[in-house]
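Source file input_29.txt; content: compact mmCIF, C-alpha atoms.
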```txt
# COMPACT_ATOMS: atom_id res chain seq x y z
CA MET A 1 8.77 2.99 12.24
CA GLU A 2 5.16 1.80 11.91
CA LYS A 3 3.90 4.43 14.34
CA LYS A 4 6.23 7.11 13.00
CA VAL A 5 4.92 6.68 9.46
CA ALA A 6 1.31 6.50 10.73
CA LYS A 7 1.83 9.82 12.54
CA LEU A 8 3.35 11.42 9.44
CA LEU A 9 0.42 10.26 7.29
CA MET A 10 -2.01 11.73 9.81
CA ASP A 11 -0.08 15.01 10.08
CA ILE A 12 -0.29 15.70 6.34
CA LYS A 13 -3.88 14.41 6.18
CA ALA A 14 -2.98 11.56 3.87
CA VAL A 15 -5.07 9.40 6.20
CA PHE A 16 -8.44 10.22 7.68
CA LEU A 17 -10.23 8.22 10.37
CA ARG A 18 -13.93 9.05 10.53
CA PRO A 19 -15.87 6.27 12.30
CA SER A 20 -18.97 8.43 12.78
CA GLU A 21 -19.09 9.65 9.17
CA PRO A 22 -17.79 6.78 7.03
CA PHE A 23 -16.42 7.22 3.54
CA THR A 24 -17.80 5.26 0.60
CA TRP A 25 -15.20 3.34 -1.41
CA ALA A 26 -15.55 2.73 -5.14
CA SER A 27 -16.68 -0.80 -4.26
CA GLY A 28 -19.60 0.66 -2.29
CA ILE A 29 -18.14 -0.40 1.07
CA LYS A 30 -18.68 2.07 3.90
CA SER A 31 -15.31 2.69 5.50
CA PRO A 32 -14.17 4.61 8.59
CA ILE A 33 -10.78 5.19 6.95
CA TYR A 34 -9.61 6.96 3.83
CA CYS A 35 -5.98 6.83 2.73
CA ASP A 36 -4.32 8.87 -0.04
CA ASN A 37 -0.59 8.23 0.03
CA ARG A 38 -0.08 10.30 -3.12
CA LEU A 39 -0.01 13.29 -0.79
CA THR A 40 3.33 12.13 0.61
CA LEU A 41 4.96 13.20 -2.66
CA SER A 42 4.07 16.83 -1.94
CA TYR A 43 5.85 16.94 1.42
CA PRO A 44 9.64 16.54 0.95
CA GLN A 45 10.44 15.66 4.56
CA VAL A 46 7.70 13.03 4.71
CA ARG A 47 8.60 11.80 1.25
CA ASP A 48 12.22 11.28 2.29
CA VAL A 49 11.17 9.14 5.26
CA ILE A 50 8.80 7.08 3.09
CA GLU A 51 11.24 6.45 0.25
CA GLN A 52 14.18 5.68 2.51
CA GLY A 53 11.94 3.38 4.52
CA LEU A 54 10.86 1.51 1.40
CA ALA A 55 14.48 1.28 0.26
CA ASP A 56 15.43 -0.14 3.66
CA ILE A 57 12.68 -2.77 3.32
CA VAL A 58 14.16 -3.83 0.00
CA LYS A 59 17.68 -4.00 1.39
CA THR A 60 16.62 -5.90 4.52
CA HIS A 61 13.95 -8.27 3.21
CA TYR A 62 14.86 -8.58 -0.47
CA PRO A 63 18.65 -8.12 -0.65
CA GLU A 64 18.87 -10.02 -3.94
CA ALA A 65 16.66 -7.47 -5.74
CA GLN A 66 17.83 -6.59 -9.26
CA ALA A 67 14.98 -4.28 -10.28
CA ILE A 68 12.08 -2.29 -8.86
CA ALA A 69 8.57 -2.33 -10.35
CA GLY A 70 5.84 0.15 -9.48
CA THR A 71 2.11 -0.39 -9.55
CA SER A 72 0.11 1.92 -11.80
CA THR A 73 -0.48 4.64 -11.01
CA ALA A 74 0.10 5.34 -7.34
CA GLY A 75 3.22 3.22 -7.01
CA ILE A 76 5.09 4.65 -9.99
CA ALA A 77 6.64 7.73 -8.36
CA HIS A 78 7.58 5.82 -5.21
CA ALA A 79 9.17 3.05 -7.27
CA ALA A 80 11.22 5.58 -9.23
CA LEU A 81 12.48 7.28 -6.07
CA VAL A 82 13.28 3.98 -4.34
CA ALA A 83 15.07 2.65 -7.42
CA ASN A 84 17.13 5.84 -7.49
CA ILE A 85 18.17 5.42 -3.84
CA LEU A 86 19.14 1.80 -4.48
CA GLY A 87 20.75 2.38 -7.87
CA LEU A 88 18.50 -0.23 -9.48
CA PRO A 89 16.57 -0.35 -12.77
CA MET A 90 12.90 0.61 -12.54
CA ALA A 91 9.78 -0.25 -14.51
CA TYR A 92 6.06 -0.07 -13.92
CA VAL A 93 3.08 -2.24 -14.73
CA ARG A 94 -0.06 -0.85 -16.34
CA ALA A 95 -3.51 -1.94 -15.19
CA SER A 96 -4.00 -3.28 -18.73
CA ALA A 97 -1.97 -3.49 -21.92
CA LYS A 98 -1.92 -0.48 -24.24
CA ASP A 99 -4.19 -0.74 -27.27
CA HIS A 100 -1.60 0.89 -29.55
CA GLY A 101 2.12 0.80 -30.35
CA ARG A 102 3.75 -2.32 -28.94
CA ASN A 103 0.78 -3.08 -26.66
CA ASN A 104 3.00 -2.93 -23.61
CA GLN A 105 1.68 -3.67 -20.15
CA ILE A 106 5.11 -3.41 -18.59
CA GLU A 107 6.75 -0.04 -19.22
CA GLY A 108 10.50 -0.24 -18.89
CA LYS A 109 12.76 -3.26 -19.17
CA ILE A 110 12.24 -6.40 -17.12
CA ASP A 111 14.27 -9.44 -18.20
CA LYS A 112 13.34 -13.08 -17.77
CA GLY A 113 14.74 -14.38 -14.52
CA GLN A 114 15.30 -10.89 -13.13
CA LYS A 115 14.62 -10.61 -9.40
CA VAL A 116 12.04 -7.88 -8.88
CA VAL A 117 10.45 -6.11 -5.91
CA VAL A 118 7.04 -4.51 -6.41
CA ILE A 119 6.41 -1.10 -4.82
CA GLU A 120 2.80 -0.41 -3.83
CA ASP A 121 1.37 2.54 -1.93
CA LEU A 122 -1.64 0.89 -0.30
CA ILE A 123 -2.90 -2.66 0.18
CA SER A 124 -6.48 -3.42 1.18
CA THR A 125 -7.81 -6.61 -0.44
CA ALA A 126 -4.55 -6.98 -2.43
CA GLY A 127 -6.26 -7.67 -5.75
CA SER A 128 -4.52 -4.97 -7.80
CA VAL A 129 -1.00 -5.67 -6.52
CA ILE A 130 -1.40 -9.40 -7.12
CA ASP A 131 -2.41 -8.59 -10.71
CA VAL A 132 0.91 -6.75 -11.05
CA VAL A 133 2.80 -9.69 -9.55
CA ASN A 134 1.12 -12.04 -12.03
CA VAL A 135 1.99 -9.85 -15.02
CA LEU A 136 5.64 -9.79 -13.96
CA ARG A 137 5.67 -13.54 -13.44
CA GLU A 138 4.14 -14.08 -16.88
CA GLN A 139 6.98 -11.97 -18.26
CA GLY A 140 9.39 -14.42 -16.64
CA ALA A 141 10.50 -12.25 -13.74
CA GLU A 142 11.12 -13.67 -10.28
CA VAL A 143 9.04 -11.55 -7.91
CA LEU A 144 10.80 -11.52 -4.55
CA GLY A 145 7.96 -9.70 -2.85
CA ILE A 146 6.19 -6.40 -2.24
CA ALA A 147 7.22 -3.30 -0.31
CA SER A 148 4.28 -1.05 0.51
CA ILE A 149 3.64 2.15 2.43
CA PHE A 150 0.46 1.07 4.21
CA THR A 151 -1.69 -2.02 4.60
CA TYR A 152 -5.15 -2.42 6.11
CA GLY A 153 -4.34 -5.94 7.30
CA MET A 154 -7.70 -7.24 6.09
CA GLN A 155 -8.07 -11.01 6.14
CA LYS A 156 -9.13 -11.10 2.50
CA GLY A 157 -5.91 -9.36 1.51
CA LEU A 158 -3.78 -11.62 3.69
CA ASP A 159 -5.45 -14.71 2.23
CA ARG A 160 -4.92 -13.50 -1.34
CA LEU A 161 -1.24 -12.77 -0.74
CA ALA A 162 -0.79 -16.21 0.79
CA GLU A 163 -2.60 -17.85 -2.12
CA ALA A 164 -0.41 -15.99 -4.60
CA LYS A 165 2.65 -17.00 -2.56
CA VAL A 166 3.96 -13.46 -2.37
CA LYS A 167 5.31 -11.66 0.68
CA ASN A 168 4.43 -8.08 1.59
CA VAL A 169 6.30 -5.83 4.02
CA SER A 170 4.67 -2.49 4.86
CA LEU A 171 6.09 0.63 6.47
CA SER A 172 2.90 1.11 8.45
CA ASN A 173 -0.47 -0.48 8.96
CA TYR A 174 -4.02 -0.06 10.17
CA ASN A 175 -3.32 -1.23 13.72
CA ALA A 176 -0.43 1.21 14.15
CA LEU A 177 -2.59 4.02 12.81
CA VAL A 178 -5.44 3.24 15.22
CA ALA A 179 -2.97 3.11 18.12
CA VAL A 180 -1.45 6.49 17.23
CA ALA A 181 -4.86 8.03 16.65
CA HIS A 182 -5.98 6.91 20.10
CA GLU A 183 -2.77 8.03 21.82
CA THR A 184 -3.11 11.51 20.32
CA GLY A 185 -6.79 11.84 21.20
CA TYR A 186 -7.86 11.78 17.56
CA ILE A 187 -10.32 8.94 18.24
CA SER A 188 -12.09 7.72 21.36
CA GLU A 189 -12.03 4.32 23.09
CA GLY A 190 -15.46 3.63 21.60
CA ASP A 191 -14.18 4.35 18.09
CA ILE A 192 -11.57 1.61 18.45
CA LYS A 193 -14.26 -1.08 18.65
CA LYS A 194 -15.79 0.18 15.41
CA LEU A 195 -12.42 0.30 13.69
CA GLU A 196 -11.51 -3.22 14.82
CA ALA A 197 -14.87 -4.60 13.66
CA PHE A 198 -14.49 -2.95 10.26
CA GLN A 199 -11.05 -4.46 9.79
CA LYS A 200 -12.34 -7.96 10.57
CA ASN A 201 -15.17 -7.77 8.04
CA PRO A 202 -15.44 -4.60 5.90
CA SER A 203 -18.55 -5.93 4.13
CA ASP A 204 -20.51 -6.16 7.39
CA GLU A 205 -21.76 -2.63 8.04
CA SER A 206 -22.92 -3.49 11.55
CA TRP A 207 -19.66 -1.99 12.86
CA GLN A 208 -21.36 1.40 12.49
CA GLN A 209 -23.84 0.53 15.25
CA LEU A 210 -21.22 -0.41 17.86
```

What's the structure tokens form of this structure?
Amino acid sequence: MEKKVAKLLMDIKAVFLRPSEPFTWASGIKSPIYCDNRLTLSYPQVRDVIEQGLADIVKTHYPEAQAIAGTSTAGIAHAALVANILGLPMAYVRASAKDHGRNNQIEGKIDKGQKVVVIEDLISTAGSVIDVVNVLREQGAEVLGIASIFTYGMQKGLDRLAEAKVKNVSLSNYNALVAVAHETGYISEGDIKKLEAFQKNPSDESWQQL
């Protein structure tokens, strides 16, 4: 499944690998990879694989789930589709509380003690998804874990998830993507070294000189 999803993401150009011409993230980090999983929503056949895959993660790893919560904004549509497959209630968590009305940060109904799975599209350093987990916990929900489409597998993200004591299960990941990209001739053997060095320490731009 990891390689299948990686191939689908590459086919619809939701993921780009460009070791020789790195992208610049909002944080300023130079990256050989760019991922936009929102594109999966525009391709019904790919979307079906993604949503069913996420639903299967919930059923397999979090069978006690009573509700699905999406991250804002990229996780909202996926959470809604997964909740529909599973027949579960769905809500989503804003990046910050509204400054009007009831000042909600959680949109939808999450009860105290309710067992919730968070749906996220992409995990890099895990900061934003952990913020969502914390908001749900403050509301009194029991967060069983996270189901995500793709993870970079960066050590910083793994450490943060461990510190927050929250489990993540992804459909695909950086290593699977690199493997598929190499198998299909999309990247060279030399590119792999750059990609591996970036994953180990994204802040160290020396990977570009490998």

Kindly compute an axis-aligned box around the listed atoms of stretch 15-26 of chain A, allowing 5 Å on each side, and express its centre and edge lengths in Å to one decimal as AutoDock Vina command-line options.
```
--center_x -12.1 --center_y 6.5 --center_z 3.8 --size_x 24.0 --size_y 17.5 --size_z 27.9
```

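Closest approach to A:Arg18 among A:Ala147, A:Leu195, A:Val166, A:Leu39: A:Leu195, based on all atoms listed in the file.
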
Might you pull out every residue within 9 Å of stretch 124-129 of chain A, with all atoms listed in the file counted and same-chain residues fewer than 2 positions away left off, and present them as a list in words? Thr71, Ala95, Val118, Ile119, Glu120, Leu122, Asp131, Val132, Val133, Asn134, Ile146, Phe150, Thr151, Tyr152, Gly153, Met154, Gln155, Lys156, Gly157, Leu158, Asp159, Arg160 and Leu161 of chain A

How would the residues just chosen look if you wrote them out with C-alpha atoms as a CSV table (one decimal), keeping the file's coordinate frame?
```csv
chain,number,residue,atom,x,y,z
A,71,THR,CA,2.1,-0.4,-9.6
A,95,ALA,CA,-3.5,-1.9,-15.2
A,118,VAL,CA,7.0,-4.5,-6.4
A,119,ILE,CA,6.4,-1.1,-4.8
A,120,GLU,CA,2.8,-0.4,-3.8
A,122,LEU,CA,-1.6,0.9,-0.3
A,131,ASP,CA,-2.4,-8.6,-10.7
A,132,VAL,CA,0.9,-6.8,-11.0
A,133,VAL,CA,2.8,-9.7,-9.6
A,134,ASN,CA,1.1,-12.0,-12.0
A,146,ILE,CA,6.2,-6.4,-2.2
A,150,PHE,CA,0.5,1.1,4.2
A,151,THR,CA,-1.7,-2.0,4.6
A,152,TYR,CA,-5.2,-2.4,6.1
A,153,GLY,CA,-4.3,-5.9,7.3
A,154,MET,CA,-7.7,-7.2,6.1
A,155,GLN,CA,-8.1,-11.0,6.1
A,156,LYS,CA,-9.1,-11.1,2.5
A,157,GLY,CA,-5.9,-9.4,1.5
A,158,LEU,CA,-3.8,-11.6,3.7
A,159,ASP,CA,-5.4,-14.7,2.2
A,160,ARG,CA,-4.9,-13.5,-1.3
A,161,LEU,CA,-1.2,-12.8,-0.7
```

So how many Å separate atom CA of A:Lys4 and atom CA of A:Tyr62, to one decimal? 22.4 Å

Please identify all polymer residues within 10 Å of stretch 5-14 of chain A, counting all atoms listed in the file, omitting same-chain residues fewer than 4 positions from it, and present them as a PyMOL selection string. chain A and resi 1+34-40+42-43+45-47+49-50+53+149-150+171-181+184+186

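The gap separating atom CA of A:Ala55 from atom CA of A:Gly75 is 13.5 Å, in Å to one decimal.
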
Can you list, as a PyMOL selection string, every protein, DNA or RNA residue that comes within 9 Å of A:Pro32 when you count all atoms listed in the file, leaving out same-chain residues fewer than 6 positions away? chain A and resi 16-24+194-195+198+208

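Close contacts of A:Met90, defined as residues with an atom at most 7 Å away when counting only C-alpha atoms, with chain neighbours fewer than 4 positions off set aside, comprise Ala67, Ile68, Ala69, Ala79, Ala80, Ala83 and Gly108 of chain A.
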
Restricting the calculation to all atoms listed in the file, which member of A:Glu205, A:Val135, A:Ser170, A:His61 is positioned closest to A:Tyr92? A:Val135

Please list, as a ChimeraX atom specification, the residues that have an atom at most 6 Å away from (11.5, -16.9, -17.3) in the coordinates of this file, counting all atoms listed in the file. /A:112-113,140-141

Give as a PDB file with C-alpha atoms, keeping the file's coordinate frame the set of residues within 6 Å of the point (11.6, -8.4, -11.1), where distances use the file's coordinates and only C-alpha atoms.
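Result file is result.pdb:
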```
ATOM      1  CA  ALA A  67      14.980  -4.280 -10.280  1.00  0.00           C
ATOM      2  CA  GLN A 114      15.300 -10.890 -13.130  1.00  0.00           C
ATOM      3  CA  LYS A 115      14.620 -10.610  -9.400  1.00  0.00           C
ATOM      4  CA  VAL A 116      12.040  -7.880  -8.880  1.00  0.00           C
ATOM      5  CA  VAL A 117      10.450  -6.110  -5.910  1.00  0.00           C
ATOM      6  CA  ALA A 141      10.500 -12.250 -13.740  1.00  0.00           C
ATOM      7  CA  GLU A 142      11.120 -13.670 -10.280  1.00  0.00           C
ATOM      8  CA  VAL A 143       9.040 -11.550  -7.910  1.00  0.00           C
TER       9      VAL A 143
END
```

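From atom CA of A:Ile57 back to atom CA of A:Asn84, the distance works out to 14.5 Å.
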
Give me the residues near A:Lys167 as a ChimeraX atom specification, where near means some atom within 8 Å (using only C-alpha atoms) and where sequence neighbours in that chain fewer than 2 positions away do not count. /A:144-146,161-162,165,169

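Among the candidates A:Ser188, A:Val82, A:Ile130, A:Ser27, the residue lying nearest to A:Glu163 is A:Ile130 (atoms considered: all atoms listed in the file).
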
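Ranking A:Ile123, A:Ala197, A:Ile33, A:Ala91 by their shortest atom-to-atom distance to A:Val15, with all atoms listed in the file included, puts A:Ile33 first.
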
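Nearest-residue note for A:Arg137: choosing from A:Asp111, A:Glu51, A:Asp121, A:Asp204, the minimum distance belongs to A:Asp111, counting all atoms listed in the file.
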